[in-house]
$ cat query-v7.cif   # mmCIF, C-alpha atoms
data_structure
loop_
_atom_site.label_atom_id
_atom_site.label_comp_id
_atom_site.auth_asym_id
_atom_site.auth_seq_id
_atom_site.Cartn_x
_atom_site.Cartn_y
_atom_site.Cartn_z
CA ARG A 1 -70.64 34.11 43.31
CA ALA A 2 -68.81 32.36 40.47
CA PRO A 3 -69.87 28.86 39.57
CA THR A 4 -67.69 26.14 40.99
CA ARG A 5 -66.12 23.70 38.64
CA ALA A 6 -66.05 20.06 39.31
CA PRO A 7 -62.53 18.76 39.85
CA THR A 8 -61.05 17.27 36.70
CA ALA A 9 -59.72 13.79 36.75
CA ARG A 10 -55.96 13.60 36.49
CA ALA A 11 -54.30 10.99 34.40
CA PRO A 12 -52.76 8.31 36.56
CA THR A 13 -49.06 8.78 37.03
CA ARG A 14 -46.89 6.21 35.35
CA ALA A 15 -43.93 4.58 36.88
CA PRO A 16 -40.73 5.87 35.29
CA THR A 17 -39.77 3.77 32.31
CA ALA A 18 -36.31 2.45 31.88
CA ARG A 19 -34.46 4.02 28.99
CA ALA A 20 -32.72 1.89 26.46
CA PRO A 21 -29.00 1.85 27.15
CA THR A 22 -27.08 4.18 24.92
CA ARG A 23 -24.47 2.64 22.70
CA ALA A 24 -20.92 3.78 22.84
CA PRO A 25 -19.99 5.59 19.66
CA THR A 26 -18.40 3.30 17.16
CA THR A 27 -15.18 4.19 15.46
CA PRO A 28 -15.68 4.18 11.70
CA ALA A 29 -13.50 1.87 9.69
CA PRO A 30 -10.51 3.69 8.28
CA THR A 31 -10.86 4.84 4.73
CA TRP A 32 -8.30 3.96 2.08
CA VAL A 33 -6.49 7.20 2.93
CA ASP A 34 -5.77 5.77 6.41
CA GLN A 35 -4.39 2.54 5.03
CA ILE A 36 -0.75 1.89 4.33
CA ILE A 37 -1.37 -1.36 2.46
CA ARG A 38 -4.39 -2.52 0.44
CA VAL A 39 -5.54 -5.64 -1.38
CA GLY A 40 -5.94 -4.54 -5.00
CA SER A 41 -7.39 -7.84 -6.23
CA GLY A 42 -7.86 -11.41 -5.10
CA PRO A 43 -8.93 -13.11 -1.86
CA CYS A 44 -6.02 -12.02 0.38
CA HIS A 45 -7.11 -10.44 3.66
CA LEU A 46 -6.22 -7.08 5.18
CA SER A 47 -5.80 -6.88 8.96
CA PRO A 48 -8.20 -4.68 10.95
CA ASN A 49 -5.39 -2.21 11.70
CA ARG A 50 -4.60 -1.96 7.97
CA THR A 51 -0.88 -2.69 8.40
CA CYS A 52 -0.77 -6.43 7.61
CA VAL A 53 -2.12 -8.68 4.88
CA THR A 54 -2.44 -12.46 4.79
CA SER A 55 -2.75 -15.15 2.16
CA PRO A 56 -6.27 -16.54 1.65
CA ASN A 57 -7.50 -18.69 4.59
CA TRP A 58 -4.38 -17.93 6.67
CA PRO A 59 -3.45 -19.53 9.07
CA GLY A 60 -5.28 -22.37 7.33
CA HIS A 61 -4.08 -23.66 3.97
CA TYR A 62 -4.63 -21.39 0.98
CA SER A 63 -6.57 -22.77 -1.97
CA PRO A 64 -5.00 -23.50 -5.37
CA ASN A 65 -4.65 -20.71 -7.93
CA GLN A 66 -5.84 -17.92 -5.60
CA ASN A 67 -3.78 -15.03 -6.96
CA CYS A 68 -3.64 -11.66 -5.19
CA ASN A 69 -2.21 -8.25 -5.92
CA ILE A 70 -1.35 -6.04 -2.97
CA GLU A 71 -0.75 -2.31 -3.24
CA ILE A 72 1.68 -0.50 -0.97
CA LEU A 73 0.36 2.98 -0.18
CA LYS A 74 3.14 4.27 2.06
CA ALA A 75 6.88 3.62 1.92
CA GLY A 76 8.27 1.33 4.61
CA ASN A 77 9.76 -2.11 5.26
CA LEU A 78 7.86 -5.31 4.49
CA THR A 79 8.37 -8.36 6.72
CA ALA A 80 6.80 -11.82 6.68
CA VAL A 81 5.77 -12.54 10.26
CA GLU A 82 4.80 -16.07 9.16
CA PHE A 83 5.76 -17.71 5.87
CA ASP A 84 5.13 -21.27 4.62
CA THR A 85 4.51 -21.90 0.91
CA GLU A 86 5.26 -24.66 -1.58
CA PHE A 87 8.94 -24.12 -2.41
CA CYS A 88 8.86 -24.83 -6.12
CA CYS A 89 5.64 -23.32 -7.23
CA ASP A 90 3.89 -20.85 -4.90
CA HIS A 91 5.61 -17.46 -5.03
CA LEU A 92 5.18 -14.15 -3.30
CA VAL A 93 6.88 -11.49 -5.42
CA VAL A 94 8.13 -8.26 -3.82
CA ASN A 95 10.11 -5.73 -5.88
CA GLY A 96 10.77 -8.40 -8.51
CA THR A 97 12.15 -10.93 -5.99
CA ALA A 98 10.21 -14.19 -5.61
CA TYR A 99 9.91 -15.74 -2.14
CA SER A 100 8.78 -19.31 -1.46
CA GLY A 101 9.23 -22.19 0.95
CA ASN A 102 9.96 -20.97 4.49
CA THR A 103 11.89 -17.84 3.49
CA GLY A 104 9.80 -14.71 3.16
CA PRO A 105 10.80 -11.05 2.95
CA VAL A 106 12.36 -9.53 6.06
CA GLY A 107 12.75 -5.76 6.28
CA VAL A 108 12.48 -5.35 2.50
CA PRO A 109 12.18 -1.65 1.63
CA VAL A 110 9.11 -0.81 -0.47
CA SER A 111 7.95 2.48 -1.95
CA SER A 112 4.48 3.98 -1.92
CA SER A 113 3.91 2.70 -5.45
CA SER A 114 5.17 -0.87 -4.94
CA THR A 115 3.00 -3.88 -5.65
CA VAL A 116 3.26 -7.35 -4.19
CA SER A 117 1.85 -10.35 -6.03
CA TRP A 118 0.87 -13.79 -4.75
CA ASN A 119 0.89 -16.56 -7.34
CA PRO A 120 0.24 -20.11 -6.08
CA ASP A 121 -0.21 -22.95 -8.52
CA GLY A 122 -2.74 -25.77 -8.36
CA GLY A 123 -0.50 -28.30 -6.60
CA VAL A 124 0.41 -28.42 -2.90
CA GLN A 125 -1.06 -25.86 -0.51
CA ARG A 126 0.40 -24.79 2.82
CA SER A 127 -0.48 -22.30 5.55
CA GLY A 128 0.73 -19.30 3.54
CA TRP A 129 1.94 -16.02 4.94
CA ASN A 130 1.26 -12.97 7.07
CA LEU A 131 3.04 -9.83 5.82
CA CYS A 132 3.29 -6.61 7.79
CA LEU A 133 4.42 -3.20 6.62
CA GLU A 134 6.38 -1.13 9.10
CA VAL A 135 6.26 2.56 8.27
CA PRO A 136 8.70 4.92 9.96
CA ASP A 137 7.11 7.71 11.94
CA ASP A 138 6.52 10.85 9.95
CA PRO A 139 9.20 13.44 10.69
CA PRO A 140 8.01 16.29 12.88
CA GLU A 141 7.02 19.39 11.01
CA ALA A 142 9.61 22.14 11.01
CA THR A 143 8.43 25.10 12.99
CA THR A 144 9.69 28.62 12.91
CA ARG A 145 8.94 31.29 15.41
CA PRO A 146 9.12 34.78 14.06
CA THR A 147 10.71 37.17 16.51
CA GLY A 148 9.21 40.29 14.99
CA ARG A 149 12.62 41.89 14.60
CA PRO A 150 15.44 41.26 12.14
CA THR A 151 18.32 39.09 13.20
CA THR A 152 21.59 41.00 13.42
CA PHE A 153 25.06 39.76 14.04
CA ALA A 154 27.46 41.97 15.93
CA PRO A 155 30.99 40.65 15.74
CA SER A 156 32.88 40.94 18.98
CA ALA A 157 36.08 41.84 17.15
CA PRO A 158 36.42 44.03 14.07
CA LEU A 159 36.62 42.22 10.77
CA THR A 160 39.93 42.64 8.93
#

$ encode --input "query-v7.cif" --output "structure tokens"
Amino acid sequence: RAPTRAPTARAPTRAPTARAPTRAPTTPAPTWVDQIIRVGSGPCHLSPNRTCVTSPNWPGHYSPNQNCNIEILKAGNLTAVEFDTEFCCDHLVVNGTAYSGNTGPVGVPVSSSSTVSWNPDGGVQRSGWNLCLEVPDDPPEATTRPTGRPTTFAPSAPLT
């Protein structure tokens, strides 16, 4: 007869542990390739959707002498959604045209190499501006469908 083994002790069973909740995947921030407008220098702010830019501290008052250069990366139309600057001395320049006071650019065409500059002085500060670039939808790609056979024209009447 074979020797009998003593029963081995089993490890106590543990209650199931709760798993840490999984996080939803985060969408990475768009790279510069995805942007249509970018702050080249200065404290102006780009919107999260990368289509608008604001003066420093907007909608609060901008600080004196806070210059910005903004680069347009895709052709479109630039519009000031909000615009309030010191009329005499704080200028937003688009395509060589200076805007100030309560009159900002509206539907101004810009190219993909345009720059916009913000040049406030050290005097009076106001709420500033919020500029948005509207880019027309890209045209659909032309598609061709080869038929596999040459196209022939058969006139219905003889040519004379």

$ resolve_selection --input "query-v7.cif" --expression "the PyMOL selection byres ((chain A and resi 36) around 12)" --output "PyMOL selection string"
chain A and resi 30-35+37-39+46-53+70-78+110-114+132-136

$ resolve_selection --input "query-v7.cif" --expression "the PyMOL selection byres ((chain A and resi 55) around 12)" --output "ChimeraX atom specification"
/A:39,42-47,52-54,56-70,80,82-85,90-92,116-120,125-132

$ atom_distance --input "query-v7.cif" --atom1 "CA of Val94 in chain A" --atom2 "CA of Asp137 in chain A"
22.5 Å

$ residues_around --input "query-v7.cif" --residues "Cys88 in chain A" --least-positions-apart "6" --cutoff "12 Å" --atoms "only C-alpha atoms" --output "list in words"
Ala98, Tyr99, Ser100, Gly101, Asn102, Asn119, Pro120, Asp121, Gly122, Gly123, Val124 and Gln125 of chain A
